[in-house]
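See below for final02.txt, which holds compact mmCIF, C-alpha atoms.
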```txt
# COMPACT_ATOMS: atom_id res chain seq x y z
CA MET W 3 0.00 0.00 0.00
CA SER W 4 1.56 3.24 -1.10
CA ALA W 5 1.46 6.39 1.00
CA SER W 6 -0.74 9.18 -0.28
CA VAL W 7 0.92 12.35 -1.48
CA THR W 8 -0.66 15.77 -1.26
CA LYS W 9 0.46 18.07 -4.02
CA ILE W 10 0.65 21.71 -3.00
CA THR W 11 -0.43 24.24 -5.59
CA SER W 12 0.64 27.84 -5.32
CA THR W 13 -2.08 30.47 -5.06
CA LEU W 14 0.33 33.38 -5.33
CA PRO W 15 -0.67 35.98 -7.93
CA PRO W 16 1.64 36.71 -10.87
CA PRO W 17 3.89 39.78 -10.59
CA PRO W 18 3.00 43.04 -12.37
CA ASN W 19 3.57 43.13 -16.12
CA PRO W 20 6.97 44.80 -16.64
CA PHE W 21 6.00 45.73 -20.20
CA SER W 22 2.80 47.63 -19.40
CA PRO W 23 2.48 51.26 -20.60
CA SER W 24 3.12 52.46 -17.05
CA SER W 25 6.40 50.54 -16.73
CA LYS W 26 9.75 52.31 -16.91
CA GLY W 27 10.99 50.29 -19.87
CA PHE W 28 13.16 47.21 -20.09
CA SER W 29 15.73 47.62 -17.36
CA ILE W 30 16.73 45.51 -14.39
CA ASP W 31 16.53 47.53 -11.19
CA PHE W 32 17.28 46.12 -7.74
CA GLU W 33 16.94 49.50 -6.03
CA GLY W 34 16.18 48.97 -2.34
CA LYS W 35 16.83 45.21 -2.56
CA VAL W 36 19.50 43.22 -0.76
CA VAL W 37 21.21 40.41 -2.67
CA VAL W 38 23.61 37.89 -1.14
CA VAL W 39 26.48 36.61 -3.29
CA THR W 40 28.55 33.77 -1.88
CA GLY W 41 32.14 33.91 -3.07
CA GLY W 42 31.25 37.40 -4.23
CA ASN W 43 34.71 38.87 -3.78
CA ARG W 44 36.56 37.21 -6.68
CA GLY W 45 36.15 35.57 -10.08
CA LEU W 46 32.62 35.08 -11.33
CA GLY W 47 31.23 35.98 -7.92
CA LEU W 48 32.87 39.39 -8.15
CA GLY W 49 31.43 39.82 -11.63
CA ILE W 50 27.96 39.02 -10.32
CA SER W 51 28.44 41.49 -7.46
CA GLU W 52 29.46 44.19 -9.94
CA ALA W 53 26.50 43.47 -12.23
CA LEU W 54 24.09 43.65 -9.28
CA LEU W 55 25.59 46.95 -8.13
CA ASN W 56 25.17 48.26 -11.66
CA ALA W 57 21.48 47.35 -11.24
CA ASN W 58 21.33 49.37 -7.99
CA ALA W 59 21.31 46.42 -5.58
CA THR W 60 22.69 46.42 -2.06
CA VAL W 61 25.20 43.55 -2.03
CA ALA W 62 26.24 41.28 0.84
CA MET W 63 29.35 39.35 -0.18
CA ILE W 64 30.08 36.13 1.67
CA TYR W 65 33.68 34.93 1.70
CA ASN W 66 35.56 32.22 3.54
CA SER W 67 39.27 32.89 3.83
CA ALA W 68 40.15 35.74 1.44
CA LYS W 69 42.25 38.35 3.21
CA ASP W 70 41.22 41.18 0.89
CA ALA W 71 37.43 40.71 0.94
CA GLU W 72 36.80 43.76 3.14
CA GLU W 73 38.98 45.86 0.86
CA VAL W 74 37.21 44.54 -2.24
CA ALA W 75 33.84 45.45 -0.71
CA ALA W 76 35.03 48.96 0.17
CA ASN W 77 36.39 49.55 -3.33
CA LEU W 78 33.15 48.37 -4.93
CA ALA W 79 31.08 50.61 -2.67
CA LYS W 80 33.23 53.59 -3.65
CA SER W 81 33.20 52.76 -7.38
CA TYR W 82 29.45 52.17 -7.68
CA GLY W 83 28.19 54.49 -4.95
CA LYS W 84 26.20 51.62 -3.43
CA THR W 85 26.22 49.68 -0.19
CA VAL W 86 28.48 46.62 -0.19
CA LYS W 87 29.41 44.66 2.90
CA ALA W 88 31.59 41.55 3.25
CA TYR W 89 30.78 38.74 5.69
CA GLN W 90 33.10 35.90 6.63
CA CYS W 91 31.32 32.55 6.59
CA ASN W 92 32.14 28.93 5.79
CA VAL W 93 29.11 27.90 3.71
CA GLY W 94 29.66 24.28 4.74
CA ASP W 95 28.57 25.20 8.29
CA SER W 96 24.77 25.35 8.33
CA SER W 97 24.41 27.21 11.64
CA LYS W 98 27.03 29.76 10.61
CA VAL W 99 25.26 30.40 7.32
CA LYS W 100 21.93 31.00 9.08
CA SER W 101 23.47 33.34 11.65
CA THR W 102 25.26 35.23 8.85
CA PHE W 103 22.01 35.67 6.94
CA ALA W 104 20.38 36.96 10.13
CA GLN W 105 23.23 39.44 10.58
CA ILE W 106 22.93 40.59 6.97
CA GLU W 107 19.24 41.33 7.46
CA LYS W 108 20.02 43.17 10.70
CA ASP W 109 22.65 45.30 8.97
CA LEU W 110 21.18 45.84 5.52
CA GLY W 111 17.50 44.89 5.56
CA PRO W 112 15.48 41.97 4.18
CA ILE W 113 17.27 39.71 1.71
CA HIS W 114 15.49 39.54 -1.66
CA ALA W 115 17.73 37.26 -3.75
CA VAL W 116 20.77 35.01 -3.52
CA ALA W 117 23.53 33.98 -5.91
CA ALA W 118 25.01 30.72 -4.57
CA ASN W 119 28.35 30.93 -6.29
CA SER W 120 30.91 29.41 -3.90
CA GLY W 121 32.76 26.49 -5.43
CA ILE W 122 36.11 24.72 -5.40
CA SER W 123 37.90 22.04 -7.39
CA ILE W 124 40.67 19.54 -6.74
CA VAL W 125 42.54 18.42 -9.84
CA LYS W 126 44.05 14.96 -9.38
CA PRO W 127 43.97 11.62 -11.16
CA ALA W 128 41.10 9.55 -9.77
CA LEU W 129 43.45 6.97 -8.26
CA GLU W 130 44.99 9.69 -6.09
CA LEU W 131 41.75 11.19 -4.77
CA THR W 132 40.84 10.65 -1.13
CA SER W 133 37.74 10.83 1.05
CA ASP W 134 39.07 14.12 2.42
CA ASP W 135 39.18 15.48 -1.14
CA PHE W 136 35.59 14.35 -1.66
CA ASN W 137 34.38 15.94 1.55
CA LYS W 138 36.17 19.18 0.76
CA VAL W 139 34.68 19.52 -2.73
CA PHE W 140 31.18 18.31 -1.94
CA GLY W 141 31.18 20.21 1.36
CA VAL W 142 31.37 23.49 -0.56
CA ASN W 143 29.88 22.71 -3.97
CA VAL W 144 26.84 20.76 -2.79
CA LEU W 145 26.32 21.05 0.98
CA GLY W 146 27.45 24.68 0.94
CA VAL W 147 24.94 25.51 -1.78
CA PHE W 148 22.19 23.65 0.09
CA ASN W 149 22.98 25.51 3.32
CA THR W 150 22.87 28.83 1.46
CA CYS W 151 19.56 28.07 -0.24
CA GLN W 152 18.03 26.69 2.95
CA ALA W 153 18.96 29.77 4.97
CA ALA W 154 17.34 32.06 2.41
CA ALA W 155 14.20 29.95 2.00
CA ASP W 156 13.78 29.69 5.77
CA LEU W 157 13.62 33.49 6.01
CA TRP W 158 11.33 33.90 3.03
CA ILE W 159 8.84 31.17 3.95
CA LYS W 160 8.49 32.41 7.53
CA ARG W 161 7.42 35.85 6.34
CA SER W 162 5.58 34.68 3.20
CA HIS W 163 7.99 36.54 0.95
CA PRO W 164 8.93 35.22 -2.51
CA GLY W 165 12.57 35.21 -3.50
CA SER W 166 14.93 34.16 -6.27
CA ILE W 167 18.06 32.01 -6.10
CA VAL W 168 20.65 31.39 -8.78
CA VAL W 169 22.96 28.46 -8.20
CA VAL W 170 26.21 28.61 -10.12
CA SER W 171 26.67 25.09 -11.46
CA SER W 172 28.67 24.35 -14.60
CA MET W 173 28.46 22.80 -18.04
CA SER W 174 30.57 20.14 -16.29
CA ASP W 175 27.37 18.83 -14.68
CA THR W 176 26.90 16.75 -17.83
CA ILE W 177 30.35 16.46 -19.45
CA VAL W 178 34.00 15.70 -18.71
CA ASN W 179 36.42 18.53 -19.40
CA SER W 180 39.17 16.31 -20.77
CA PRO W 181 42.09 16.32 -20.19
CA ILE W 182 41.49 17.97 -16.79
CA THR W 183 41.12 15.26 -14.14
CA GLN W 184 38.58 16.66 -11.68
CA CYS W 185 35.94 13.97 -11.30
CA PHE W 186 34.83 15.16 -7.85
CA TYR W 187 34.23 18.66 -9.20
CA ASN W 188 32.30 17.43 -12.23
CA SER W 189 30.17 15.04 -10.19
CA SER W 190 29.50 17.73 -7.58
CA LYS W 191 28.14 19.98 -10.30
CA GLY W 192 25.87 17.19 -11.51
CA ALA W 193 24.63 16.81 -7.94
CA VAL W 194 24.07 20.51 -7.35
CA SER W 195 22.18 20.97 -10.63
CA ASN W 196 19.71 18.29 -9.59
CA LEU W 197 19.61 19.66 -6.04
CA SER W 198 18.50 23.00 -7.46
CA ARG W 199 15.69 21.39 -9.41
CA CYS W 200 14.54 19.55 -6.27
CA LEU W 201 14.46 22.79 -4.28
CA ALA W 202 12.72 24.61 -7.13
CA ALA W 203 9.91 22.03 -7.12
CA GLU W 204 9.56 21.97 -3.34
CA TRP W 205 9.57 25.73 -2.81
CA ALA W 206 7.59 26.88 -5.86
CA PRO W 207 4.33 27.06 -3.85
CA HIS W 208 6.03 29.71 -1.71
CA GLY W 209 6.99 31.80 -4.71
CA ILE W 210 10.67 30.90 -4.37
CA ARG W 211 12.45 30.36 -7.67
CA VAL W 212 15.68 28.35 -7.98
CA ASN W 213 17.61 28.22 -11.25
CA ASN W 214 21.02 27.03 -12.36
CA LEU W 215 23.57 29.09 -14.22
CA ASN W 216 25.84 26.63 -16.05
CA PRO W 217 28.91 28.47 -17.29
CA GLY W 218 31.36 27.19 -19.84
CA PHE W 219 34.95 28.38 -19.95
CA ILE W 220 35.50 31.76 -18.27
CA LYS W 221 38.42 34.17 -18.48
CA THR W 222 39.44 34.67 -14.84
CA ASP W 223 42.68 35.11 -12.90
CA GLN W 224 42.72 31.35 -12.40
CA THR W 225 42.26 30.38 -16.05
CA ASN W 226 44.68 33.09 -17.17
CA HIS W 227 47.40 31.02 -15.51
CA MET W 228 46.48 27.84 -17.38
CA ASP W 229 48.86 26.15 -19.78
CA PRO W 230 48.48 28.34 -22.91
CA LYS W 231 48.39 25.27 -25.17
CA LEU W 232 45.57 23.70 -23.13
CA ARG W 233 43.60 26.92 -23.21
CA GLU W 234 44.13 27.25 -26.97
CA ASN W 235 42.87 23.71 -27.51
CA GLN W 236 39.82 24.36 -25.35
CA CYS W 237 39.00 27.50 -27.31
CA LYS W 238 39.08 25.47 -30.52
CA GLU W 239 36.35 23.23 -29.08
CA VAL W 240 34.01 26.17 -28.45
CA PRO W 241 31.87 27.22 -31.44
CA LEU W 242 32.35 30.89 -30.50
CA GLY W 243 36.09 30.22 -30.39
CA ARG W 244 36.98 31.80 -27.05
CA PHE W 245 36.56 31.84 -23.28
CA SER W 246 33.73 34.02 -21.98
CA GLU W 247 34.32 37.26 -20.17
CA VAL W 248 33.12 37.29 -16.57
CA TYR W 249 30.39 39.82 -17.35
CA GLU W 250 28.97 37.50 -20.02
CA GLN W 251 28.16 35.05 -17.22
CA ALA W 252 27.15 37.70 -14.67
CA ALA W 253 24.51 39.22 -16.95
CA PRO W 254 22.35 36.08 -17.26
CA ALA W 255 22.78 35.45 -13.52
CA VAL W 256 21.29 38.85 -12.73
CA PHE W 257 18.57 38.30 -15.32
CA LEU W 258 17.58 35.04 -13.62
CA LEU W 259 17.46 36.80 -10.25
CA SER W 260 15.24 39.55 -11.62
CA GLY W 261 11.49 39.79 -12.04
CA TYR W 262 11.85 39.34 -15.79
CA THR W 263 12.22 35.59 -15.20
CA SER W 264 9.23 35.34 -12.85
CA TYR W 265 7.96 32.19 -14.65
CA THR W 266 11.34 30.48 -14.75
CA THR W 267 12.31 27.99 -12.07
CA GLY W 268 14.07 24.63 -11.99
CA SER W 269 15.95 25.50 -15.18
CA SER W 270 19.57 24.96 -16.18
CA ASN W 271 20.96 27.75 -18.31
CA TYR W 272 24.10 26.83 -20.25
CA VAL W 273 26.20 29.88 -21.07
CA ASP W 274 28.95 27.97 -22.82
CA GLY W 275 29.62 29.59 -26.18
CA GLY W 276 27.88 26.66 -27.85
CA TYR W 277 30.24 24.04 -26.39
CA LEU W 278 27.46 21.52 -25.71
CA CYS W 279 25.93 21.76 -29.15
CA TRP W 280 28.62 19.62 -30.79
```

What does the file become when written as structure tokens?
Amino acid sequence: MSASVTKITSTLPPPPNPFSPSSKGFSIDFEGKVVVVTGGNRGLGLGISEALLNANATVAMIYNSAKDAEEVAANLAKSYGKTVKAYQCNVGDSSKVKSTFAQIEKDLGPIHAVAANSGISIVKPALELTSDDFNKVFGVNVLGVFNTCQAAADLWIKRSHPGSIVVVSSMSDTIVNSPITQCFYNSSKGAVSNLSRCLAAEWAPHGIRVNNLNPGFIKTDQTNHMDPKLRENQCKEVPLGRFSEVYEQAAPAVFLLSGYTSYTTGSSNYVDGGYLCW
């Protein structure tokens, strides 16, 4: 005898039409809204922070061990004339994430959206990988993302407030980036992409949207130090023939966080220069 399942259907009304005659035109504006960006002080996370500031958001950057995060936040605030504050937090620690979110709301006001961007990789041949390596990668890339999403949803559900989450996954959730040996990273991205879809389905009745951004190759400080020959070969495999700029990934992330994607949840958005179309 199977257990009965009650399917919850959302009764939330749709948001206002952004293209009505009374609208201000097609522009993304986070004025008066607080957005959390994990790993928001460097790489793609920094690009997302900058794009959000350009859209008038107040940004709370979460970092783990970076020594310059406070300085990065101060420089961004000065450059964009917006409020930016850095918060130290290990996203793998659930209680710490929740207390950090509470502190952000105390300092800056209610959180409206979250970019779960923190991620790490360990590059080793599979025969050399250890359980510690697994726990390190999955502790950030999967559990850390879950803790981040859970903390936000807990706040939003308690006060009946809809919100939007973008999880930075990767095109590596479905492929192997040969010849780079990073099977824990690739498998963690497969796990987190499906995790996002599970959360999207469970929290949709509360008006909470969860979508994946799945970047391809990105030009960052880290990839700039790659073996030039490897990078050249990877570029040849991309239909657009190059690595993406950080802002080319940040723009769709902000779009997914915005009200313009109010009917989009549980999706995976591959921004890969066409890499997966081969």

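The coordinates place CA of Asp31 in chain W at 10.5 Å from CA of Tyr262 in chain W.
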
Return as JSON lines the residues of range 144-204 of chain W lying at most 6 Å from range 216-238 of chain W, together with the closest atom-to-atom pair for each and the distance in Å to one decimal, counting all atoms listed in the file, with rows in chain order and ascending residue number.
```
{"residue": "W:Ser171", "atom": "CA", "partner": "W:Asn216", "partner_atom": "CA", "distance": 4.9}
{"residue": "W:Ser172", "atom": "CA", "partner": "W:Asn216", "partner_atom": "CA", "distance": 3.9}
{"residue": "W:Met173", "atom": "CA", "partner": "W:Asn216", "partner_atom": "CA", "distance": 5.0}
```

Could those residues be written to a file, using C-alpha atoms, as an mmCIF file, keeping the file's coordinate frame?
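again-v4.cif written:
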```cif
data_model
loop_
_atom_site.group_PDB
_atom_site.id
_atom_site.type_symbol
_atom_site.label_atom_id
_atom_site.label_comp_id
_atom_site.auth_asym_id
_atom_site.auth_seq_id
_atom_site.Cartn_x
_atom_site.Cartn_y
_atom_site.Cartn_z
ATOM 1 C CA SER W 171 26.670 25.090 -11.460
ATOM 2 C CA SER W 172 28.670 24.350 -14.600
ATOM 3 C CA MET W 173 28.460 22.800 -18.040
#
```

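Of the listed residues W:Tyr89, W:Phe148, W:Phe32, W:Tyr265, the one whose atoms come nearest to Ser198 in chain W is W:Phe148, with distances taken using all atoms listed in the file.
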
- Item | W:Val144, W:Leu215, W:Ala154, W:Ile182 ranked by distance to Pro127 in chain W, top pick (using all atoms listed in the file) | W:Ile182

Range 35-43 of chain W, all listed atoms, 3 Å padding on each side: what axis-aligned box centre and edge lengths in Å to one decimal come out, as lines of an AutoDock Vina configuration file?
```
center_x = 25.8
center_y = 39.5
center_z = -2.5
size_x = 23.9
size_y = 17.4
size_z = 9.5
```

- Calculate how many Å separate CA of Ile64 in chain W from CA of Ala203 in chain W, rounding to one decimal.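 These atoms are spaced 26.1 Å apart.
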
- Item | Pick from W:Gln105, W:Ser269, W:Thr263, W:Ser123, whichever lies nearest to Ile30 in chain W using only C-alpha atoms |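 For Ile30 in chain W, the nearest of the candidates is W:Thr263.
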
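If you measure from each of W:Gly121, W:Gly141, W:Gly268, W:Gly146 to Arg199 in chain W using only C-alpha atoms, the closest one turns out to be W:Gly268.
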
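With CA of Phe103 in chain W on one side and CA of Cys200 in chain W on the other, the separation reads 22.1 Å.
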
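Around the coordinate (26.6, 46.6, 1.8), residues that reach within 6 Å when counting only C-alpha atoms are W:Thr60, W:Val61, W:Ala62, W:Thr85, W:Val86, W:Lys87.
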
Grab range 222-252 of chain W from that structure and dump N, CA, C and O atoms to a file, as an mmCIF file, in the first residue's frame.
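Below you can see decode_12.cif, which holds the result:
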```
data_model
loop_
_atom_site.group_PDB
_atom_site.id
_atom_site.type_symbol
_atom_site.label_atom_id
_atom_site.label_comp_id
_atom_site.auth_asym_id
_atom_site.auth_seq_id
_atom_site.Cartn_x
_atom_site.Cartn_y
_atom_site.Cartn_z
ATOM 1 N N THR W 222 39.252 34.171 -16.198
ATOM 2 C CA THR W 222 39.444 34.669 -14.839
ATOM 3 C C THR W 222 40.934 34.650 -14.508
ATOM 4 O O THR W 222 41.754 34.168 -15.294
ATOM 5 N N ASP W 223 41.273 35.158 -13.327
ATOM 6 C CA ASP W 223 42.675 35.112 -12.903
ATOM 7 C C ASP W 223 43.187 33.674 -12.888
ATOM 8 O O ASP W 223 44.337 33.397 -13.237
ATOM 9 N N GLN W 224 42.320 32.750 -12.480
ATOM 10 C CA GLN W 224 42.721 31.351 -12.397
ATOM 11 C C GLN W 224 42.990 30.759 -13.778
ATOM 12 O O GLN W 224 44.022 30.131 -14.015
ATOM 13 N N THR W 225 42.070 30.963 -14.714
ATOM 14 C CA THR W 225 42.256 30.378 -16.047
ATOM 15 C C THR W 225 43.324 31.111 -16.843
ATOM 16 O O THR W 225 43.892 30.550 -17.786
ATOM 17 N N ASN W 226 43.610 32.361 -16.492
ATOM 18 C CA ASN W 226 44.678 33.094 -17.171
ATOM 19 C C ASN W 226 46.041 32.467 -16.915
ATOM 20 O O ASN W 226 46.993 32.703 -17.669
ATOM 21 N N HIS W 227 46.136 31.665 -15.838
ATOM 22 C CA HIS W 227 47.401 31.017 -15.509
ATOM 23 C C HIS W 227 47.462 29.566 -16.006
ATOM 24 O O HIS W 227 48.370 28.818 -15.665
ATOM 25 N N MET W 228 46.473 29.192 -16.808
ATOM 26 C CA MET W 228 46.482 27.844 -17.378
ATOM 27 C C MET W 228 47.607 27.686 -18.395
ATOM 28 O O MET W 228 48.143 28.667 -18.912
ATOM 29 N N ASP W 229 47.931 26.453 -18.695
ATOM 30 C CA ASP W 229 48.857 26.146 -19.782
ATOM 31 C C ASP W 229 48.288 26.757 -21.073
ATOM 32 O O ASP W 229 47.172 26.421 -21.485
ATOM 33 N N PRO W 230 48.999 27.676 -21.702
ATOM 34 C CA PRO W 230 48.484 28.343 -22.911
ATOM 35 C C PRO W 230 48.031 27.362 -23.990
ATOM 36 O O PRO W 230 47.045 27.614 -24.694
ATOM 37 N N LYS W 231 48.748 26.247 -24.138
ATOM 38 C CA LYS W 231 48.385 25.269 -25.167
ATOM 39 C C LYS W 231 47.056 24.613 -24.839
ATOM 40 O O LYS W 231 46.207 24.414 -25.728
ATOM 41 N N LEU W 232 46.833 24.292 -23.547
ATOM 42 C CA LEU W 232 45.568 23.699 -23.135
ATOM 43 C C LEU W 232 44.420 24.667 -23.372
ATOM 44 O O LEU W 232 43.371 24.293 -23.902
ATOM 45 N N ARG W 233 44.650 25.913 -23.021
ATOM 46 C CA ARG W 233 43.603 26.917 -23.213
ATOM 47 C C ARG W 233 43.298 27.103 -24.705
ATOM 48 O O ARG W 233 42.134 27.231 -25.094
ATOM 49 N N GLU W 234 44.334 27.125 -25.527
ATOM 50 C CA GLU W 234 44.131 27.255 -26.969
ATOM 51 C C GLU W 234 43.314 26.094 -27.511
ATOM 52 O O GLU W 234 42.395 26.292 -28.327
ATOM 53 N N ASN W 235 43.617 24.885 -27.060
ATOM 54 C CA ASN W 235 42.868 23.711 -27.514
ATOM 55 C C ASN W 235 41.414 23.762 -27.054
ATOM 56 O O ASN W 235 40.510 23.356 -27.797
ATOM 57 N N GLN W 236 41.195 24.243 -25.841
ATOM 58 C CA GLN W 236 39.822 24.356 -25.354
ATOM 59 C C GLN W 236 39.041 25.385 -26.167
ATOM 60 O O GLN W 236 37.872 25.175 -26.484
ATOM 61 N N CYS W 237 39.670 26.489 -26.499
ATOM 62 C CA CYS W 237 39.001 27.502 -27.312
ATOM 63 C C CYS W 237 38.576 26.941 -28.666
ATOM 64 O O CYS W 237 37.504 27.287 -29.190
ATOM 65 N N LYS W 238 39.401 26.067 -29.230
ATOM 66 C CA LYS W 238 39.078 25.467 -30.522
ATOM 67 C C LYS W 238 37.837 24.594 -30.443
ATOM 68 O O LYS W 238 37.176 24.354 -31.469
ATOM 69 N N GLU W 239 37.509 24.095 -29.245
ATOM 70 C CA GLU W 239 36.349 23.230 -29.079
ATOM 71 C C GLU W 239 35.058 24.016 -28.855
ATOM 72 O O GLU W 239 33.968 23.439 -28.836
ATOM 73 N N VAL W 240 35.179 25.318 -28.686
ATOM 74 C CA VAL W 240 34.012 26.174 -28.453
ATOM 75 C C VAL W 240 33.575 26.791 -29.771
ATOM 76 O O VAL W 240 34.384 27.436 -30.447
ATOM 77 N N PRO W 241 32.312 26.628 -30.183
ATOM 78 C CA PRO W 241 31.872 27.225 -31.440
ATOM 79 C C PRO W 241 32.172 28.723 -31.551
ATOM 80 O O PRO W 241 32.543 29.190 -32.635
ATOM 81 N N LEU W 242 32.046 29.464 -30.450
ATOM 82 C CA LEU W 242 32.353 30.894 -30.505
ATOM 83 C C LEU W 242 33.853 31.163 -30.438
ATOM 84 O O LEU W 242 34.284 32.314 -30.535
ATOM 85 N N GLY W 243 34.651 30.125 -30.233
ATOM 86 C CA GLY W 243 36.088 30.219 -30.389
ATOM 87 C C GLY W 243 36.867 30.920 -29.297
ATOM 88 O O GLY W 243 38.023 31.303 -29.518
ATOM 89 N N ARG W 244 36.281 31.083 -28.112
ATOM 90 C CA ARG W 244 36.984 31.804 -27.047
ATOM 91 C C ARG W 244 36.386 31.478 -25.687
ATOM 92 O O ARG W 244 35.306 30.884 -25.589
ATOM 93 N N PHE W 245 37.091 31.874 -24.631
ATOM 94 C CA PHE W 245 36.556 31.838 -23.281
ATOM 95 C C PHE W 245 35.604 33.029 -23.120
ATOM 96 O O PHE W 245 35.763 34.058 -23.770
ATOM 97 N N SER W 246 34.635 32.895 -22.245
ATOM 98 C CA SER W 246 33.731 34.015 -21.980
ATOM 99 C C SER W 246 34.397 35.026 -21.060
ATOM 100 O O SER W 246 35.289 34.698 -20.274
ATOM 101 N N GLU W 247 33.968 36.259 -21.167
ATOM 102 C CA GLU W 247 34.318 37.265 -20.175
ATOM 103 C C GLU W 247 33.433 37.042 -18.947
ATOM 104 O O GLU W 247 32.328 36.495 -19.063
ATOM 105 N N VAL W 248 33.895 37.475 -17.795
ATOM 106 C CA VAL W 248 33.117 37.286 -16.567
ATOM 107 C C VAL W 248 31.741 37.926 -16.690
ATOM 108 O O VAL W 248 30.731 37.343 -16.275
ATOM 109 N N TYR W 249 31.679 39.131 -17.269
ATOM 110 C CA TYR W 249 30.394 39.823 -17.345
ATOM 111 C C TYR W 249 29.390 39.095 -18.245
ATOM 112 O O TYR W 249 28.182 39.282 -18.109
ATOM 113 N N GLU W 250 29.884 38.250 -19.158
ATOM 114 C CA GLU W 250 28.974 37.497 -20.016
ATOM 115 C C GLU W 250 28.276 36.381 -19.249
ATOM 116 O O GLU W 250 27.251 35.859 -19.693
ATOM 117 N N GLN W 251 28.820 36.008 -18.110
ATOM 118 C CA GLN W 251 28.164 35.052 -17.215
ATOM 119 C C GLN W 251 27.342 35.789 -16.159
ATOM 120 O O GLN W 251 26.269 35.332 -15.753
ATOM 121 N N ALA W 252 27.838 36.934 -15.714
ATOM 122 C CA ALA W 252 27.147 37.696 -14.669
ATOM 123 C C ALA W 252 25.803 38.232 -15.152
ATOM 124 O O ALA W 252 24.825 38.260 -14.394
#
```
